[in-house]
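Down below is the structure, laid out as structure tokens.
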Amino acid sequence: MSVIPDKPALEGLEAKWDGVWAEQGTYLFDRLRAAELGRAGVYSIDTPPPTASGSLHIGHVFSYTHTDVKARYERMRGKAVFYPIGWDDNGLPTERRVQNYYGVRCDPSLPYDAAFVPPFQGDAKSLKAADQLPVSRRNFIELCEKLTVEDEKQFEDVFRQMGLSVDWTQTYRTISDETIRQSQLGFLRNVERGEAYQALAPTLWDVDFRSAIAQAELEDREQPASFHRLAFHKTDGSGDIEIETTRPELLAACVALVAHPDDERYQPFFGKTVRTPVFDVEVPVLAHHLAQQDKGSGIAMVCTFGDVTDIIWWRELDLPNRTILGQDGRVIAEAPEAITTETGKAAYAELAGKTVFSARKQIVEMLEASGELLNVSKPFNHAVKFFEKGDRPLEIVSTRQWYIRNGARDSELRDQLIANGRELTWHPDFMRVRYENWVGGLTGDWLISRQRFFGVPIPVWYGLDENGERDFGRVLVPDAASLPIDPTTDVPAGYTAEQRGVPGGFEAEVDILDTWATSSLTPQLAGGWQRDEELWNLVAPFDVRPQGQDIIRTWLFSTMLRSTLEDARSPWANASISGFIVDPDRKKMSKSKGNVVTPADILEKHGSDAVRYWAASSRLGVDAAFDPQNPTQMKIGRRLAIKILNAAKFVLGFPVPEDAEVTHALDASMLAALDDVVRDATKAFDAFDHARALEVTEAFFWTFCDDYLELVKERAYNQADVGQPSAALALRIALSTLLRLLAPVVSFATEEAWSWFEEGSIHTAAWPEAREAGGDPAVLAAASAALIGIRRAKTEAKASQKTPVARALIAAPASTLEALRAAAGDLQAVGRIAELSLVEGEELAVTEIELAPVEES
């Protein structure tokens, strides 16, 4: 136990108790105890690994507090809490941060420079991509490693300051050797079962990142466009068919015209052909139900590929592939074979090498010159697909990529994913619909390969034929015992290093796995899957997956998919989904919008308990507005934390005799009311409703401080009063109970106050149980109402609350009078009332009050 300070204060508590918790191992996962308790006695949390590519924002504090509050509660309920944390290091955000921080870009053709020193140290963000210094792949990866480690240290400092009770010995990184081993193992098991495969297919492509983008990483953004009305010529010479397109630059990639089967205007032309303007290529006119009769001229130009609908038409109508855009976003040099006329080839040559914007301008000029551009509409805005972290619209190019089957084309797997989602208990329940809508709306399998550098290498090689060409039918996979591997430096079994890249030899896969292909294994990474069977059996399936609602489609779904494929089950029993943090205008806070508030200053200014209180005041799934200029909830939370310290100091000032018992009706009443609070708070915490638990506890705490403490303090002070032991003991019991009820939220102030009279940490103390003391809560309610009336009467009389009262009359219904009589002595003492009369009335009220005459000096 520690000494009670003369003036309790919140300042310095974070550093003090973080040090004590670390030294004493307060939050360590006790394997021996967990083994004794068995799986039912363990509470395991699949904690979100934040992306280590910059700084945390206030949303992290918000959602991670929700998780921590639940973890602290379960720990106090006697569970062995498995609460690890990971760092999501790899992926596009990290690479972009490294480029902006050090002013470099990766060029895999360059040799490694062991003495390399980056040209910038954090101030290269304004540098154009063309001016970034090219470095070898290994040099680039080393810089990624270095910067993410620094970011992780800063993240840990913030998380420690805010009081996360994670086990800091159970951390993992998504780029460590062990993580790479498990991630590669999971992928190879997918390959072995036929769930992972490679295919040459249309791919959503970011031309800046030079990488494929998965469906889950897309977002729609409004972009300006214009409809261009073009004339396609009927091959029988009978006239033209007019189409409208926003992408005339893809005219050379046109493979068909498509109209709705019920459109009478075009039914006569189905099965016939037309010739394209400028390039004079013959293409069919076909029917498909996705064509919109009321859009433009009602007939669409199908190009490979202008948008996602083009991919559907291409696949379902079995059309040729005439892709003209390269991975750099420019028109490729080689014209499609379908362009056979000299004028068509010449026209294509003028487009070759141009960007999409320049090619559009050029083709419009050609169409105008040929008279085949009939009209250009006024500009309008429409939704265009972007990579969520990209700056330019995505293009669709044909590339060979790796995929994992996700139910988009497998109804049995899709139904299993839906079923597993329904076995999961969602908090709040309506978030389940978002998951099901995502599963039901999938249009393609999960694209998991990325053309980047910092990540988990896809662990395969390809055999080369006698011409040195890659044989995609001969995929060479490593033995699981050899993992982790990097195929760009390691050699497949049965080959030598000299056979790399030569005919009859092998070639490495240079792509890496999508970051979600690793993060989808966070239960396995943290829980010892395929590495520590005892641990895995103790923690899996995990009790809860806490996360934000915006990554249901990515992190939650992908983890559910991998678990379903691997174990045919959900990886968790519960999913707790936090809402968004929004600014005062109710707009979601995000880095891209520039309205993000970083937590360091907020924690420093208001204190961690105040910030935790603000976060815990919001229910799961509900968005919370935050105004840094007027953080009302944080001010309320700080006031609560200070009051906890002061109330504890006050209560501990009353000695409790060894043989003390609760005998006074008011004391028993207060404890009975507290029993109800314990029951309500426990029920709320069990239901993942931390906000309700805090609400009922806080309301009682203020009643305890403002009313009960005032009512009994005279009796508690007076050791000659026969009721003193009862008051002192009741106060001590209530303090112990309230501190434990508030501990999951107000973690630092409660730990400090607890240390003044108890051994050990409050966070490993037992959660309070209802004492079933048998008191009548009506006594405290009546006494509190009467006290408020006495205070109001003195205020209305413009008298101090310390002013003595000669006589007071309190009226109350007959059912309340008995309760008031039980507290009459304490009411007289606190109100300094010489004569107190209680009479029957319609409602409880102080009907008369006569102040004592002021004695003249």
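Labels for the structure tokens follow display order: chains A, B, ..., residues from 1 in each chain, ligands from 1.
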With only C-alpha atoms as the counted atoms, please give the residues lying no more than 12 Å from A:Ile324, apart from itself and same-chain residues fewer than 5 positions off, as a VMD selection string. chain A and resid 249 to 255 303 to 306 329 to 339 348 to 349 351 to 356 359 395 to 398
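For stretch 830-835 of chain A, the list of residues within 9 Å, based on only C-alpha atoms and with local chain neighbours fewer than 6 positions off taken out, reads Glu710, Leu711, Val712, Lys713, Glu714, Leu787, Ile790, Arg791, Gln801, Lys802, Thr803, Pro804, Val805, Ala806, Arg807, Ala808, Leu809, Leu851 and Ala852 of chain A.
For the set A:Ser44, A:Thr554, A:Gln530, A:Ser519, the residue with the smallest atom-to-atom gap to A:Ala573 is A:Ser44, counting only C-alpha atoms.
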Can you check which parts of stretch 592-658 of chain A lie within 7 Å of stretch 64-75 of chain A? Per residue, the shortest pair of atoms and distance in Å to one decimal, counting only C-alpha atoms, sorted by chain and number, as CSV.
residue,atom,partner,partner_atom,distance
A:Arg612,CA,A:Thr65,CA,6.2
A:Ala615,CA,A:Thr65,CA,6.4
A:Ala616,CA,A:His66,CA,6.1
Using only all heavy atoms, please write the residues we just selected to a file, as a PDB file, in the first residue's frame.
ATOM      1  N   ARG A 612     -10.106   8.016 -22.020  1.00  0.00           N
ATOM      2  CA  ARG A 612     -10.741   6.693 -21.946  1.00  0.00           C
ATOM      3  C   ARG A 612     -12.228   6.839 -21.619  1.00  0.00           C
ATOM      4  O   ARG A 612     -13.074   6.111 -22.174  1.00  0.00           O
ATOM      5  CB  ARG A 612     -10.045   5.829 -20.888  1.00  0.00           C
ATOM      6  CG  ARG A 612      -8.637   5.401 -21.256  1.00  0.00           C
ATOM      7  CD  ARG A 612      -7.968   4.671 -20.079  1.00  0.00           C
ATOM      8  NE  ARG A 612      -8.681   3.453 -19.742  1.00  0.00           N
ATOM      9  CZ  ARG A 612      -8.422   2.263 -20.284  1.00  0.00           C
ATOM     10  NH1 ARG A 612      -7.452   2.130 -21.185  1.00  0.00           N
ATOM     11  NH2 ARG A 612      -9.111   1.200 -19.923  1.00  0.00           N
ATOM     12  N   ALA A 615     -14.107   7.819 -24.740  1.00  0.00           N
ATOM     13  CA  ALA A 615     -14.261   6.699 -25.669  1.00  0.00           C
ATOM     14  C   ALA A 615     -15.298   5.702 -25.152  1.00  0.00           C
ATOM     15  O   ALA A 615     -16.160   5.235 -25.905  1.00  0.00           O
ATOM     16  CB  ALA A 615     -12.923   6.005 -25.881  1.00  0.00           C
ATOM     17  N   ALA A 616     -15.225   5.393 -23.874  1.00  0.00           N
ATOM     18  CA  ALA A 616     -16.117   4.371 -23.307  1.00  0.00           C
ATOM     19  C   ALA A 616     -17.552   4.858 -23.190  1.00  0.00           C
ATOM     20  O   ALA A 616     -18.467   4.043 -23.013  1.00  0.00           O
ATOM     21  CB  ALA A 616     -15.607   3.937 -21.931  1.00  0.00           C
TER      22      ALA A 616
END
Mind listing the strand (DSSP E or B) residues of stretch 132-285 of chain A, per DSSP on the backbone, as a PyMOL selection string? chain A and resi 133-135+171-173+196-206+211-212+218-225+228-234+240-245+254-259+273-275+282-285
Wanna dump the stretch 727-828 of chain A-stretch 78-99 of chain A contacts at 9 Å for me, each residue with its shortest atom pair and the distance in Å to one decimal, counting only C-alpha atoms, ordered by chain and number, as a Markdown table?
| residue | atom | partner | partner_atom | distance |
| --- | --- | --- | --- | --- |
| A:Thr764 | CA | A:Gly78 | CA | 8.0 |
| A:Ala765 | CA | A:Gly78 | CA | 8.5 |
| A:Ala766 | CA | A:Gly78 | CA | 6.8 |
| A:Trp767 | CA | A:Gly78 | CA | 8.0 |
Same residues, C-alpha atoms, output as a short mmCIF file (atom, residue, chain, number, x, y, z; two decimals), in the first residue's frame:
data_model
loop_
_atom_site.label_atom_id
_atom_site.label_comp_id
_atom_site.auth_asym_id
_atom_site.auth_seq_id
_atom_site.Cartn_x
_atom_site.Cartn_y
_atom_site.Cartn_z
CA THR A 764 -6.35 -8.27 -11.01
CA ALA A 765 -8.73 -7.93 -8.08
CA ALA A 766 -12.03 -9.80 -8.18
CA TRP A 767 -14.95 -8.13 -9.91
#
Can you tell me which residues surround A:Val477 at a distance of at most 10 Å, considering only C-alpha atoms, apart from same-chain residues fewer than 5 positions away, and format the answer as a PDB file with N, CA and C atoms, in the first residue's frame?
ATOM      1  N   LEU A 188       0.479 -21.926 -48.946  1.00  0.00           N
ATOM      2  CA  LEU A 188       0.778 -23.216 -49.561  1.00  0.00           C
ATOM      3  C   LEU A 188      -0.315 -24.243 -49.277  1.00  0.00           C
ATOM      4  N   VAL A 191      -2.943 -23.534 -51.704  1.00  0.00           N
ATOM      5  CA  VAL A 191      -2.554 -24.076 -53.015  1.00  0.00           C
ATOM      6  C   VAL A 191      -2.796 -25.579 -53.052  1.00  0.00           C
ATOM      7  N   GLU A 192      -2.378 -26.258 -52.007  1.00  0.00           N
ATOM      8  CA  GLU A 192      -2.494 -27.713 -51.949  1.00  0.00           C
ATOM      9  C   GLU A 192      -3.948 -28.164 -52.049  1.00  0.00           C
ATOM     10  N   ILE A 458       5.594 -14.376 -52.171  1.00  0.00           N
ATOM     11  CA  ILE A 458       4.818 -15.549 -52.577  1.00  0.00           C
ATOM     12  C   ILE A 458       5.808 -16.691 -52.773  1.00  0.00           C
ATOM     13  N   PRO A 459       5.692 -17.780 -52.024  1.00  0.00           N
ATOM     14  CA  PRO A 459       6.766 -18.791 -51.940  1.00  0.00           C
ATOM     15  C   PRO A 459       6.722 -19.825 -53.062  1.00  0.00           C
ATOM     16  N   VAL A 460       6.883 -19.388 -54.296  1.00  0.00           N
ATOM     17  CA  VAL A 460       6.895 -20.338 -55.412  1.00  0.00           C
ATOM     18  C   VAL A 460       7.935 -19.913 -56.448  1.00  0.00           C
ATOM     19  N   TRP A 461       8.332 -20.897 -57.254  1.00  0.00           N
ATOM     20  CA  TRP A 461       9.156 -20.642 -58.436  1.00  0.00           C
ATOM     21  C   TRP A 461       8.412 -21.256 -59.634  1.00  0.00           C
ATOM     22  N   TYR A 462       8.893 -20.952 -60.820  1.00  0.00           N
ATOM     23  CA  TYR A 462       8.315 -21.525 -62.034  1.00  0.00           C
ATOM     24  C   TYR A 462       9.421 -22.193 -62.842  1.00  0.00           C
ATOM     25  N   PRO A 487      11.909 -16.491 -52.708  1.00  0.00           N
ATOM     26  CA  PRO A 487      12.255 -17.173 -53.960  1.00  0.00           C
ATOM     27  C   PRO A 487      13.247 -16.405 -54.828  1.00  0.00           C
ATOM     28  N   PRO A 492      14.846 -23.628 -55.418  1.00  0.00           N
ATOM     29  CA  PRO A 492      13.941 -24.770 -55.206  1.00  0.00           C
ATOM     30  C   PRO A 492      14.694 -26.089 -55.148  1.00  0.00           C
ATOM     31  N   ALA A 493      14.086 -27.052 -54.490  1.00  0.00           N
ATOM     32  CA  ALA A 493      14.700 -28.376 -54.360  1.00  0.00           C
ATOM     33  C   ALA A 493      14.909 -28.984 -55.744  1.00  0.00           C
TER      34      ALA A 493
END
Those of stretch 513-684 of chain A in DSSP helix (DSSP H, G or I), formatted as a ChimeraX atom specification: /A:515-519,522-527,533-539,549-567,599-606,608-616,632-651,665-684
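Reported to one decimal place, the separation of atom CA of A:His228 from atom CA of A:Phe380 is 12.2 Å.
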Which of these residues is nearest to A:Ala212, using only C-alpha atoms: A:Gln154, A:Gln451, A:Ser53, A:Asn420? A:Gln451
